[in-house]
file start_33.txt (compact mmCIF, C-alpha atoms)
# COMPACT_ATOMS: atom_id res chain seq x y z
CA MET A 1 -128.93 -216.38 206.41
CA LYS A 2 -125.31 -216.94 207.44
CA ALA A 3 -122.71 -214.52 206.10
CA MET A 4 -119.13 -213.43 206.70
CA ARG A 5 -118.90 -209.71 207.52
CA PHE A 6 -115.83 -207.53 207.45
CA TYR A 7 -115.60 -205.15 210.42
CA ALA A 8 -111.95 -204.08 210.38
CA PRO A 9 -108.56 -205.47 209.36
CA GLN A 10 -108.11 -208.86 211.02
CA ASP A 11 -111.73 -208.73 212.23
CA ILE A 12 -114.23 -210.78 210.21
CA ARG A 13 -117.27 -212.48 211.74
CA PHE A 14 -119.56 -215.32 210.70
CA GLU A 15 -123.02 -213.99 211.57
CA GLU A 16 -126.75 -214.38 211.03
CA VAL A 17 -128.06 -211.56 208.80
CA GLU A 18 -131.20 -210.79 206.82
CA ILE A 19 -131.59 -212.22 203.32
CA PRO A 20 -131.19 -209.28 200.88
CA GLU A 21 -134.30 -207.77 199.34
CA ILE A 22 -134.15 -207.26 195.57
CA GLY A 23 -135.51 -204.56 193.29
CA PRO A 24 -137.62 -205.07 190.16
CA ASP A 25 -134.57 -205.27 187.88
CA GLU A 26 -132.44 -207.45 190.14
CA ILE A 27 -132.03 -211.13 190.99
CA LEU A 28 -131.23 -212.98 194.21
CA VAL A 29 -128.71 -215.79 193.86
CA LYS A 30 -128.27 -218.69 196.27
CA VAL A 31 -124.48 -218.96 196.43
CA GLU A 32 -123.16 -222.43 195.66
CA ALA A 33 -119.47 -221.51 195.49
CA VAL A 34 -117.47 -218.39 196.30
CA LEU A 35 -113.72 -218.16 195.83
CA THR A 36 -111.01 -216.51 197.87
CA CYS A 37 -109.35 -213.57 196.14
CA GLY A 38 -106.14 -211.64 196.59
CA THR A 39 -108.11 -208.41 196.95
CA ASP A 40 -110.18 -209.95 199.75
CA LEU A 41 -106.95 -210.98 201.40
CA LYS A 42 -105.63 -207.41 201.16
CA MET A 43 -108.91 -206.18 202.68
CA TYR A 44 -108.59 -208.66 205.53
CA ARG A 45 -105.02 -207.55 206.22
CA ARG A 46 -105.33 -203.77 205.85
CA GLY A 47 -108.85 -202.74 204.83
CA HIS A 48 -110.04 -201.25 201.53
CA PRO A 49 -110.83 -197.60 200.61
CA LEU A 50 -114.17 -198.53 198.98
CA VAL A 51 -115.47 -200.54 201.95
CA LYS A 52 -117.44 -199.00 204.80
CA PRO A 53 -117.67 -201.65 207.55
CA PRO A 54 -119.49 -203.69 208.51
CA LEU A 55 -119.99 -205.24 205.08
CA ILE A 56 -120.36 -208.73 203.67
CA PHE A 57 -117.43 -209.15 201.28
CA GLY A 58 -116.52 -211.71 198.59
CA HIS A 59 -117.12 -211.26 194.88
CA GLU A 60 -116.13 -214.37 192.87
CA PHE A 61 -119.24 -216.53 192.93
CA ALA A 62 -121.73 -218.71 191.11
CA GLY A 63 -125.04 -220.17 192.19
CA VAL A 64 -128.73 -220.70 191.52
CA VAL A 65 -131.37 -218.01 190.99
CA ALA A 66 -133.56 -217.93 194.11
CA GLU A 67 -135.72 -214.92 193.27
CA VAL A 68 -136.32 -212.74 190.20
CA GLY A 69 -137.41 -209.10 190.09
CA GLY A 70 -140.65 -208.30 188.30
CA ASN A 71 -138.95 -206.63 185.33
CA VAL A 72 -136.35 -209.36 184.74
CA THR A 73 -137.03 -211.56 181.71
CA ARG A 74 -133.61 -213.12 180.96
CA PHE A 75 -133.49 -215.26 184.09
CA LYS A 76 -135.87 -217.41 186.09
CA LYS A 77 -135.91 -219.12 189.45
CA GLY A 78 -133.83 -222.30 189.54
CA GLN A 79 -131.37 -221.34 186.77
CA ARG A 80 -127.67 -221.91 187.35
CA VAL A 81 -125.90 -218.56 186.86
CA VAL A 82 -122.58 -216.80 187.19
CA ALA A 83 -122.06 -213.05 187.42
CA ALA A 84 -119.21 -210.58 187.47
CA ASN A 85 -118.89 -208.21 190.42
CA SER A 86 -119.67 -204.96 188.59
CA ALA A 87 -120.98 -203.38 185.41
CA PRO A 88 -120.51 -199.93 183.87
CA CYS A 89 -123.13 -197.17 183.68
CA ASN A 90 -122.47 -196.58 179.93
CA THR A 91 -123.17 -192.85 180.31
CA CYS A 92 -120.17 -191.33 182.12
CA PHE A 93 -117.09 -189.81 180.44
CA PHE A 94 -114.97 -192.97 180.59
CA CYS A 95 -117.74 -195.23 179.36
CA LYS A 96 -118.29 -192.93 176.40
CA ILE A 97 -114.62 -192.98 175.40
CA GLY A 98 -114.53 -196.78 175.42
CA LYS A 99 -113.06 -197.33 178.88
CA PRO A 100 -115.98 -198.89 180.82
CA ASN A 101 -113.50 -200.53 183.20
CA LEU A 102 -112.88 -197.02 184.55
CA CYS A 103 -116.58 -196.15 184.87
CA GLU A 104 -117.06 -193.29 187.32
CA ARG A 105 -120.04 -195.09 188.91
CA LEU A 106 -118.42 -198.51 189.17
CA SER A 107 -118.34 -198.57 192.98
CA GLU A 108 -122.09 -197.93 193.31
CA ASN A 109 -122.92 -201.54 192.43
CA LEU A 110 -119.59 -203.22 193.15
CA ILE A 111 -120.40 -206.54 194.82
CA GLY A 112 -118.33 -207.12 197.93
CA PHE A 113 -117.14 -203.50 198.09
CA GLY A 114 -119.92 -200.94 197.50
CA VAL A 115 -122.75 -203.42 198.16
CA SER A 116 -123.02 -206.65 200.15
CA GLY A 117 -120.98 -209.49 198.72
CA ALA A 118 -121.03 -213.22 198.17
CA TYR A 119 -119.46 -214.61 201.35
CA ALA A 120 -123.02 -215.47 202.26
CA GLU A 121 -125.83 -217.92 201.55
CA TYR A 122 -127.48 -215.40 199.22
CA VAL A 123 -126.27 -212.41 197.22
CA ARG A 124 -128.25 -209.62 195.54
CA VAL A 125 -127.13 -208.95 191.98
CA PRO A 126 -127.69 -205.26 191.12
CA ALA A 127 -129.58 -204.31 187.96
CA PRO A 128 -126.59 -203.15 185.83
CA ILE A 129 -124.85 -206.47 186.45
CA VAL A 130 -128.02 -208.45 185.68
CA ARG A 131 -128.36 -206.61 182.37
CA GLN A 132 -124.73 -206.79 181.22
CA ASN A 133 -122.57 -209.24 183.14
CA THR A 134 -124.71 -212.22 184.26
CA TYR A 135 -124.84 -215.49 182.32
CA GLU A 136 -126.65 -218.81 182.50
CA LEU A 137 -124.31 -221.61 183.46
CA PRO A 138 -124.28 -224.91 181.51
CA ASP A 139 -124.75 -228.08 183.56
CA ASN A 140 -121.32 -229.41 182.61
CA ILE A 141 -119.47 -226.50 184.25
CA SER A 142 -119.04 -226.66 188.02
CA PHE A 143 -119.94 -223.70 190.22
CA GLU A 144 -116.31 -223.54 191.39
CA GLU A 145 -114.93 -223.25 187.86
CA ALA A 146 -117.60 -220.72 186.89
CA ALA A 147 -116.76 -218.53 189.88
CA LEU A 148 -113.43 -217.75 188.17
CA LEU A 149 -115.36 -215.55 185.72
CA GLU A 150 -114.53 -212.21 187.34
CA PRO A 151 -110.76 -212.61 187.73
CA LEU A 152 -110.50 -214.24 184.32
CA ALA A 153 -112.38 -211.29 182.80
CA CYS A 154 -109.76 -208.96 184.29
CA VAL A 155 -106.98 -211.12 182.82
CA VAL A 156 -108.74 -211.17 179.43
CA ASN A 157 -108.77 -207.36 179.56
CA GLY A 158 -105.04 -207.35 180.25
CA ASN A 159 -104.33 -209.94 177.60
CA SER A 160 -106.14 -207.85 174.99
CA GLU A 161 -103.71 -204.98 175.68
CA ALA A 162 -100.58 -207.16 175.62
CA ASN A 163 -100.58 -207.56 171.82
CA ILE A 164 -99.12 -211.08 172.02
CA LYS A 165 -98.25 -212.41 168.57
CA ILE A 166 -97.81 -215.96 167.30
CA GLY A 167 -94.31 -217.11 168.16
CA ASP A 168 -93.69 -214.55 170.91
CA THR A 169 -91.76 -215.15 174.09
CA VAL A 170 -93.84 -214.04 177.07
CA VAL A 171 -92.73 -213.77 180.69
CA VAL A 172 -95.31 -213.97 183.46
CA ILE A 173 -93.93 -212.84 186.82
CA GLY A 174 -95.87 -214.60 189.57
CA ALA A 175 -97.67 -217.96 189.55
CA GLY A 176 -100.60 -216.99 191.73
CA PRO A 177 -104.14 -217.31 190.31
CA ILE A 178 -103.79 -214.23 188.10
CA GLY A 179 -100.38 -215.26 186.80
CA LEU A 180 -101.63 -218.77 186.04
CA MET A 181 -104.52 -217.30 184.06
CA HIS A 182 -102.10 -215.10 182.13
CA VAL A 183 -100.00 -218.17 181.32
CA GLN A 184 -103.01 -219.89 179.77
CA LEU A 185 -104.16 -216.85 177.81
CA ALA A 186 -100.64 -216.21 176.51
CA LYS A 187 -100.56 -219.75 175.10
CA ILE A 188 -104.05 -219.34 173.65
CA SER A 189 -102.84 -216.11 172.00
CA GLY A 190 -100.06 -217.99 170.22
CA ALA A 191 -96.99 -217.45 172.39
CA LYS A 192 -94.30 -220.00 171.59
CA ASN A 193 -92.43 -219.80 174.88
CA VAL A 194 -94.21 -218.76 178.06
CA ILE A 195 -91.73 -218.29 180.89
CA CYS A 196 -93.23 -218.23 184.40
CA THR A 197 -91.35 -217.10 187.49
CA ASP A 198 -92.27 -217.57 191.15
CA LEU A 199 -90.67 -218.12 194.54
CA LYS A 200 -92.58 -221.33 195.28
CA GLU A 201 -91.93 -224.61 193.51
CA GLU A 202 -95.49 -225.82 194.17
CA ARG A 203 -96.93 -222.91 192.19
CA LEU A 204 -94.48 -223.41 189.36
CA LYS A 205 -95.63 -227.02 189.04
CA ILE A 206 -99.20 -225.77 188.50
CA ALA A 207 -97.86 -223.25 185.97
CA ALA A 208 -96.37 -226.13 183.99
CA GLU A 209 -99.70 -227.99 184.23
CA VAL A 210 -101.59 -225.06 182.67
CA GLY A 211 -99.12 -224.46 179.85
CA ALA A 212 -95.91 -222.71 180.94
CA ASP A 213 -92.99 -223.83 178.79
CA THR A 214 -90.14 -222.61 180.99
CA LEU A 215 -90.08 -222.25 184.77
CA ILE A 216 -87.81 -220.01 186.82
CA ASN A 217 -87.61 -220.43 190.58
CA ALA A 218 -86.90 -216.85 191.66
CA PHE A 219 -85.77 -218.07 195.07
CA GLU A 220 -82.91 -219.98 193.47
CA GLU A 221 -82.16 -218.06 190.24
CA ASP A 222 -81.59 -214.50 189.09
CA GLN A 223 -84.81 -213.94 187.12
CA LEU A 224 -83.48 -211.16 184.92
CA LYS A 225 -80.28 -213.02 184.07
CA SER A 226 -82.23 -216.19 183.25
CA VAL A 227 -84.67 -214.37 180.96
CA LYS A 228 -81.83 -212.62 179.14
CA GLU A 229 -80.04 -215.93 178.62
CA LEU A 230 -83.21 -217.61 177.37
CA THR A 231 -83.76 -214.78 174.85
CA LYS A 232 -80.13 -214.48 173.67
CA GLY A 233 -79.74 -211.17 175.46
CA LEU A 234 -82.77 -209.47 173.90
CA GLY A 235 -85.39 -209.76 176.62
CA ALA A 236 -88.97 -210.98 176.17
CA ASP A 237 -91.45 -209.69 173.61
CA VAL A 238 -94.08 -209.26 176.34
CA VAL A 239 -93.66 -209.25 180.11
CA ILE A 240 -96.67 -209.45 182.42
CA GLU A 241 -96.23 -208.51 186.08
CA ALA A 242 -98.76 -210.41 188.21
CA VAL A 243 -97.39 -209.90 191.71
CA GLY A 244 -98.07 -206.30 192.68
CA LEU A 245 -94.78 -205.13 194.20
CA PRO A 246 -92.73 -202.08 193.11
CA GLN A 247 -89.59 -204.19 192.70
CA THR A 248 -91.30 -206.65 190.36
CA TRP A 249 -92.81 -203.78 188.36
CA GLU A 250 -89.27 -202.50 187.78
CA LEU A 251 -88.05 -206.03 187.07
CA ALA A 252 -90.77 -206.51 184.44
CA VAL A 253 -89.58 -203.46 182.50
CA SER A 254 -85.98 -204.66 182.73
CA MET A 255 -86.97 -208.03 181.23
CA THR A 256 -88.69 -206.45 178.21
CA ARG A 257 -86.83 -206.26 174.89
CA LYS A 258 -86.55 -203.17 172.71
CA ALA A 259 -89.95 -202.27 171.23
CA GLY A 260 -91.55 -204.80 173.58
CA THR A 261 -94.56 -204.46 175.85
CA THR A 262 -94.72 -204.50 179.63
CA ILE A 263 -98.10 -205.13 181.28
CA LEU A 264 -98.22 -203.93 184.89
CA PHE A 265 -101.15 -205.99 186.12
CA GLY A 266 -100.54 -206.56 189.81
CA GLY A 267 -101.72 -203.72 192.04
CA CYS A 268 -99.02 -202.31 194.34
CA PRO A 269 -99.73 -200.92 197.84
CA SER A 270 -101.11 -197.36 197.78
CA GLY A 271 -98.50 -194.62 197.72
CA THR A 272 -95.63 -196.75 196.43
CA LYS A 273 -93.46 -195.52 193.57
CA ILE A 274 -91.06 -197.06 191.07
CA THR A 275 -87.94 -195.84 189.27
CA LEU A 276 -87.56 -196.37 185.52
CA ASP A 277 -84.68 -195.78 183.13
CA THR A 278 -85.95 -192.93 180.95
CA GLN A 279 -83.27 -193.58 178.34
CA ARG A 280 -84.53 -197.14 177.84
CA ILE A 281 -88.16 -196.08 177.60
CA HIS A 282 -87.37 -193.38 175.04
CA TYR A 283 -84.59 -194.85 172.91
CA GLU A 284 -85.79 -198.47 173.05
CA ASP A 285 -89.36 -197.62 172.14
CA LEU A 286 -90.91 -199.46 175.10
CA THR A 287 -94.65 -199.78 175.67
CA ILE A 288 -95.64 -199.88 179.34
CA LYS A 289 -99.29 -200.35 180.23
CA GLY A 290 -101.22 -200.36 183.47
CA ILE A 291 -104.34 -202.54 183.46
CA PHE A 292 -107.36 -202.38 185.74
CA HIS A 293 -110.58 -204.39 186.13
CA HIS A 294 -112.77 -205.73 183.32
CA THR A 295 -115.31 -204.70 180.68
CA PRO A 296 -118.56 -206.31 179.51
CA LEU A 297 -116.67 -207.53 176.44
CA SER A 298 -113.92 -209.17 178.53
CA VAL A 299 -116.56 -210.73 180.82
CA LYS A 300 -118.28 -212.23 177.78
CA ARG A 301 -114.97 -213.54 176.45
CA ALA A 302 -114.10 -215.02 179.85
CA TYR A 303 -117.48 -216.75 179.97
CA GLU A 304 -116.86 -218.23 176.53
CA LEU A 305 -113.40 -219.44 177.54
CA ILE A 306 -114.79 -221.15 180.65
CA THR A 307 -117.86 -222.73 179.06
CA SER A 308 -115.94 -223.95 175.99
CA ARG A 309 -113.29 -225.42 178.33
CA LEU A 310 -110.60 -223.70 176.29
CA PHE A 311 -109.58 -222.29 179.67
CA ASN A 312 -108.88 -224.81 182.42
CA GLY A 313 -109.68 -223.43 185.85
CA ARG A 314 -109.61 -226.68 187.80
CA PRO A 315 -105.87 -226.62 188.72
CA LEU A 316 -106.32 -223.15 190.25
CA ILE A 317 -108.81 -224.32 192.89
CA THR A 318 -106.58 -226.11 195.34
CA ASP A 319 -109.04 -226.78 198.18
CA LYS A 320 -112.64 -226.55 199.35
CA MET A 321 -113.80 -225.37 202.77
CA PRO A 322 -117.02 -224.27 204.46
CA LEU A 323 -117.67 -220.51 204.51
CA SER A 324 -117.40 -220.50 208.30
CA GLU A 325 -113.66 -221.25 207.88
CA LEU A 326 -112.95 -218.22 205.67
CA GLU A 327 -110.45 -216.74 208.09
CA GLN A 328 -108.43 -219.97 208.10
CA ALA A 329 -108.61 -219.97 204.28
CA LEU A 330 -107.23 -216.42 204.11
CA LYS A 331 -104.42 -217.32 206.48
CA ARG A 332 -103.52 -220.24 204.24
CA MET A 333 -103.32 -217.79 201.35
CA ILE A 334 -100.96 -215.61 203.40
CA GLU A 335 -98.75 -218.67 203.94
CA GLY A 336 -98.80 -219.29 200.19
CA THR A 337 -99.99 -222.88 200.61
CA CYS A 338 -102.90 -222.56 198.16
CA ILE A 339 -103.92 -220.80 194.94
CA LYS A 340 -107.67 -220.38 195.40
CA ILE A 341 -110.03 -221.95 197.91
CA ALA A 342 -113.68 -222.60 197.05
CA LEU A 343 -115.99 -221.89 199.97
CA GLN A 344 -119.45 -223.41 200.34
CA PRO A 345 -121.96 -221.42 202.38
CA ALA A 346 -123.78 -223.39 205.08
CA CYS A 347 -127.39 -223.85 203.99
call {"tool": "encode", "arguments": {"input": "start_33.txt", "output": "structure tokens"}}
result
Amino acid sequence: MKAMRFYAPQDIRFEEVEIPEIGPDEILVKVEAVLTCGTDLKMYRRGHPLVKPPLIFGHEFAGVVAEVGGNVTRFKKGQRVVAANSAPCNTCFFCKIGKPNLCERLSENLIGFGVSGAYAEYVRVPAPIVRQNTYELPDNISFEEAALLEPLACVVNGNSEANIKIGDTVVVIGAGPIGLMHVQLAKISGAKNVICTDLKEERLKIAAEVGADTLINAFEEDQLKSVKELTKGLGADVVIEAVGLPQTWELAVSMTRKAGTTILFGGCPSGTKITLDTQRIHYEDLTIKGIFHHTPLSVKRAYELITSRLFNGRPLITDKMPLSELEQALKRMIEGTCIKIALQPAC
């Protein structure tokens, strides 16, 4: 089969490799669509601590079951399916305390990181994922839309911690794919005014399409000043940082009102630090939360949002390209000229 392998930063190759062999509790999926991801872009630019090259990467996918292990009863050959990229062990310390997103064995079966990924014609879905985080896909949902399951599950996990109430004002910093998902979920949660900020007008237009009430072009306006003016000096009830830079982490806290909640969702480069006003945190009763990954519950909720069409993923997929052009797709993401690109493996 053809697959895209990561060898080193700035070195990915479209190669012929063996079709993966599956175990008795696993399934083999013929990939019909795989999406570009910000994490894959970071890997392409600077590598990833969980990846030992060479490795097929890519982890947002949907397709058709090509082969079923002997012990698998939930799925059969020919079914349309979508799967998340990991599943917890349910036995480690963090799983037992209700934090399966922090499972100590997560990387063992992490598609596209610990095991071969979906930038390929076929992908092996490990047993824990088959058992917990794989779903049959209805015919009326496209493979491209379904492939948003994994990032949406992460956003659902973050949304569940944001405690958004009916009538709240919510700020989402960043109108990339994650920020656009947060905009939609904030509206679904009952927010009255969702304010979205970004540097690019094209992204802000998509934010308006998916539900943002107020747009702030951070290239032209002072974001903090604008948010304060829009909230009569109070700040927002909830602020969600979806960029992943130390300066926007600090900005998110500054935008949050007294007794409000800041969700630090975007992952900053390793080793970076931020400075916070301790007086504000203490005397203004702020809640600041870091959010990572997804849980089986958030995967299930994301699946329900996609298949019910309560969540609209179509505006987030801004182009389609063959898998062989992955490097060009990633470069377009660097330029900021797209949100997500759906790649079709050559079959």
call {"tool": "residues_around", "arguments": {"input": "start_33.txt", "residues": "region 105-119 of chain A", "least_positions_apart": "4", "cutoff": "6 Å", "atoms": "all atoms listed in the file", "output": "compact mmCIF listing (two decimals) with C-alpha atoms, keeping the file's coordinate frame"}}
result
# COMPACT_ATOMS: atom_id res chain seq x y z
CA ALA A 3 -122.71 -214.52 206.10
CA MET A 4 -119.13 -213.43 206.70
CA LEU A 50 -114.17 -198.53 198.98
CA VAL A 51 -115.47 -200.54 201.95
CA LEU A 55 -119.99 -205.24 205.08
CA ILE A 56 -120.36 -208.73 203.67
CA PHE A 57 -117.43 -209.15 201.28
CA GLY A 58 -116.52 -211.71 198.59
CA HIS A 59 -117.12 -211.26 194.88
CA ASN A 85 -118.89 -208.21 190.42
CA SER A 86 -119.67 -204.96 188.59
CA PRO A 88 -120.51 -199.93 183.87
CA VAL A 123 -126.27 -212.41 197.22
call {"tool": "residues_near_point", "arguments": {"input": "start_33.txt", "point": "(-92.1, -219.8, 183.6)", "cutoff": "7 Å", "atoms": "all atoms listed in the file", "output": "PyMOL selection string"}}
result
chain A and resi 171-172+194-197+212-216
call {"tool": "atom_distance", "arguments": {"input": "start_33.txt", "atom1": "CA of Gln79 (chain A)", "atom2": "CA of Leu137 (chain A)"}}
result
7.8 Å
call {"tool": "atom_distance", "arguments": {"input": "start_33.txt", "atom1": "CA of Leu323 (chain A)", "atom2": "CA of Ala342 (chain A)"}}
result
8.7 Å
call {"tool": "residues_near_point", "arguments": {"input": "start_33.txt", "point": "(-91.2, -205.3, 193.9)", "cutoff": "12 Å", "atoms": "all atoms listed in the file", "output": "PDB file with C-alpha atoms, keeping the file's coordinate frame"}}
result
ATOM      1  CA  ILE A 173     -93.930-212.840 186.820  1.00  0.00           C
ATOM      2  CA  GLY A 174     -95.870-214.600 189.570  1.00  0.00           C
ATOM      3  CA  GLU A 241     -96.230-208.510 186.080  1.00  0.00           C
ATOM      4  CA  ALA A 242     -98.760-210.410 188.210  1.00  0.00           C
ATOM      5  CA  VAL A 243     -97.390-209.900 191.710  1.00  0.00           C
ATOM      6  CA  GLY A 244     -98.070-206.300 192.680  1.00  0.00           C
ATOM      7  CA  LEU A 245     -94.780-205.130 194.200  1.00  0.00           C
ATOM      8  CA  PRO A 246     -92.730-202.080 193.110  1.00  0.00           C
ATOM      9  CA  GLN A 247     -89.590-204.190 192.700  1.00  0.00           C
ATOM     10  CA  THR A 248     -91.300-206.650 190.360  1.00  0.00           C
ATOM     11  CA  TRP A 249     -92.810-203.780 188.360  1.00  0.00           C
ATOM     12  CA  GLU A 250     -89.270-202.500 187.780  1.00  0.00           C
ATOM     13  CA  LEU A 251     -88.050-206.030 187.070  1.00  0.00           C
ATOM     14  CA  ALA A 252     -90.770-206.510 184.440  1.00  0.00           C
ATOM     15  CA  VAL A 253     -89.580-203.460 182.500  1.00  0.00           C
ATOM     16  CA  LEU A 264     -98.220-203.930 184.890  1.00  0.00           C
ATOM     17  CA  GLY A 266    -100.540-206.560 189.810  1.00  0.00           C
ATOM     18  CA  GLY A 267    -101.720-203.720 192.040  1.00  0.00           C
ATOM     19  CA  CYS A 268     -99.020-202.310 194.340  1.00  0.00           C
ATOM     20  CA  PRO A 269     -99.730-200.920 197.840  1.00  0.00           C
ATOM     21  CA  THR A 272     -95.630-196.750 196.430  1.00  0.00           C
ATOM     22  CA  LYS A 273     -93.460-195.520 193.570  1.00  0.00           C
ATOM     23  CA  ILE A 274     -91.060-197.060 191.070  1.00  0.00           C
ATOM     24  CA  THR A 275     -87.940-195.840 189.270  1.00  0.00           C
TER      25      THR A 275
END
call {"tool": "closest_residue", "arguments": {"input": "start_33.txt", "among": "A:Arg124, A:Pro53, A:Asp11, A:Gln279", "to": "Pro24 (chain A)", "atoms": "only C-alpha atoms"}}
result
A:Arg124
call {"tool": "atom_distance", "arguments": {"input": "start_33.txt", "atom1": "CA of Leu286 (chain A)", "atom2": "CA of Arg257 (chain A)"}}
result
7.9 Å
call {"tool": "closest_residue", "arguments": {"input": "start_33.txt", "among": "A:Lys331, A:Lys232, A:Thr337, A:Ala83", "to": "Gln10 (chain A)", "atoms": "all atoms listed in the file"}}
result
A:Lys331
call {"tool": "closest_residue", "arguments": {"input": "start_33.txt", "among": "A:Arg314, A:Lys52, A:His294, A:His182", "to": "Ala162 (chain A)", "atoms": "only C-alpha atoms"}}
result
A:His182
call {"tool": "closest_residue", "arguments": {"input": "start_33.txt", "among": "A:Tyr44, A:Phe143, A:Phe311, A:Phe75", "to": "Ile12 (chain A)", "atoms": "only C-alpha atoms"}}
result
A:Tyr44
call {"tool": "residues_around", "arguments": {"input": "start_33.txt", "residues": "Lys165 (chain A)", "least_positions_apart": "2", "cutoff": "12 Å", "atoms": "all atoms listed in the file", "output": "MDAnalysis selection string"}}
result
chainID A and resid 159:163 167:170 185:193 237:238 260:261
call {"tool": "closest_residue", "arguments": {"input": "start_33.txt", "among": "A:Gly23, A:Gly290, A:Pro54, A:Gly179", "to": "Glu67 (chain A)", "atoms": "all atoms listed in the file"}}
result
A:Gly23
call {"tool": "residues_around", "arguments": {"input": "start_33.txt", "residues": "Val155 (chain A)", "least_positions_apart": "3", "cutoff": "7 Å", "atoms": "all atoms listed in the file", "output": "CSV table (one decimal) with C-alpha atoms, in the frame of the given file"}}
result
chain,number,residue,atom,x,y,z
A,151,PRO,CA,-110.8,-212.6,187.7
A,152,LEU,CA,-110.5,-214.2,184.3
A,158,GLY,CA,-105.0,-207.4,180.2
A,159,ASN,CA,-104.3,-209.9,177.6
A,178,ILE,CA,-103.8,-214.2,188.1
A,181,MET,CA,-104.5,-217.3,184.1
A,182,HIS,CA,-102.1,-215.1,182.1
call {"tool": "closest_residue", "arguments": {"input": "start_33.txt", "among": "A:Ser142, A:Ser254, A:Thr318, A:Ser324", "to": "Arg5 (chain A)", "atoms": "only C-alpha atoms"}}
result
A:Ser324
call {"tool": "residues_around", "arguments": {"input": "start_33.txt", "residues": "region 40-43 of chain A", "least_positions_apart": "3", "cutoff": "8 Å", "atoms": "only C-alpha atoms", "output": "mmCIF file with C-alpha atoms, in the coordinates of the input"}}
result
data_model
loop_
_atom_site.group_PDB
_atom_site.id
_atom_site.type_symbol
_atom_site.label_atom_id
_atom_site.label_comp_id
_atom_site.auth_asym_id
_atom_site.auth_seq_id
_atom_site.Cartn_x
_atom_site.Cartn_y
_atom_site.Cartn_z
ATOM 1 C CA PRO A 9 -108.560 -205.470 209.360
ATOM 2 C CA THR A 36 -111.010 -216.510 197.870
ATOM 3 C CA CYS A 37 -109.350 -213.570 196.140
ATOM 4 C CA ARG A 46 -105.330 -203.770 205.850
ATOM 5 C CA GLY A 47 -108.850 -202.740 204.830
ATOM 6 C CA HIS A 48 -110.040 -201.250 201.530
ATOM 7 C CA PHE A 57 -117.430 -209.150 201.280
ATOM 8 C CA GLY A 58 -116.520 -211.710 198.590
ATOM 9 C CA LEU A 330 -107.230 -216.420 204.110
ATOM 10 C CA MET A 333 -103.320 -217.790 201.350
ATOM 11 C CA ILE A 334 -100.960 -215.610 203.400
#
call {"tool": "residues_around", "arguments": {"input": "start_33.txt", "residues": "Leu343 (chain A)", "least_positions_apart": "3", "cutoff": "7 Å", "atoms": "all atoms listed in the file", "output": "list in words"}}
result
Ala33, Val34, Leu35, Lys320, Met321, Pro322 and Leu323 of chain A
call {"tool": "decode", "arguments": {"input": "start_33.txt", "residues": "region 225-239 of chain A", "atoms": "C-alpha atoms", "output": "CSV table (one decimal), in the first residue's frame"}}
result
chain,number,residue,atom,x,y,z
A,225,LYS,CA,-9.7,46.5,25.0
A,226,SER,CA,-12.4,45.3,22.6
A,227,VAL,CA,-13.5,42.5,24.9
A,228,LYS,CA,-13.6,44.8,27.9
A,229,GLU,CA,-15.7,47.3,26.0
A,230,LEU,CA,-18.1,44.6,24.8
A,231,THR,CA,-18.6,43.4,28.4
A,232,LYS,CA,-18.9,46.9,30.0
A,233,GLY,CA,-15.5,46.5,31.6
A,234,LEU,CA,-16.1,43.2,33.3
A,235,GLY,CA,-14.5,40.7,31.0
A,236,ALA,CA,-16.0,37.5,29.6
A,237,ASP,CA,-17.7,34.8,31.7
A,238,VAL,CA,-15.6,32.1,29.9
A,239,VAL,CA,-12.4,32.6,27.8
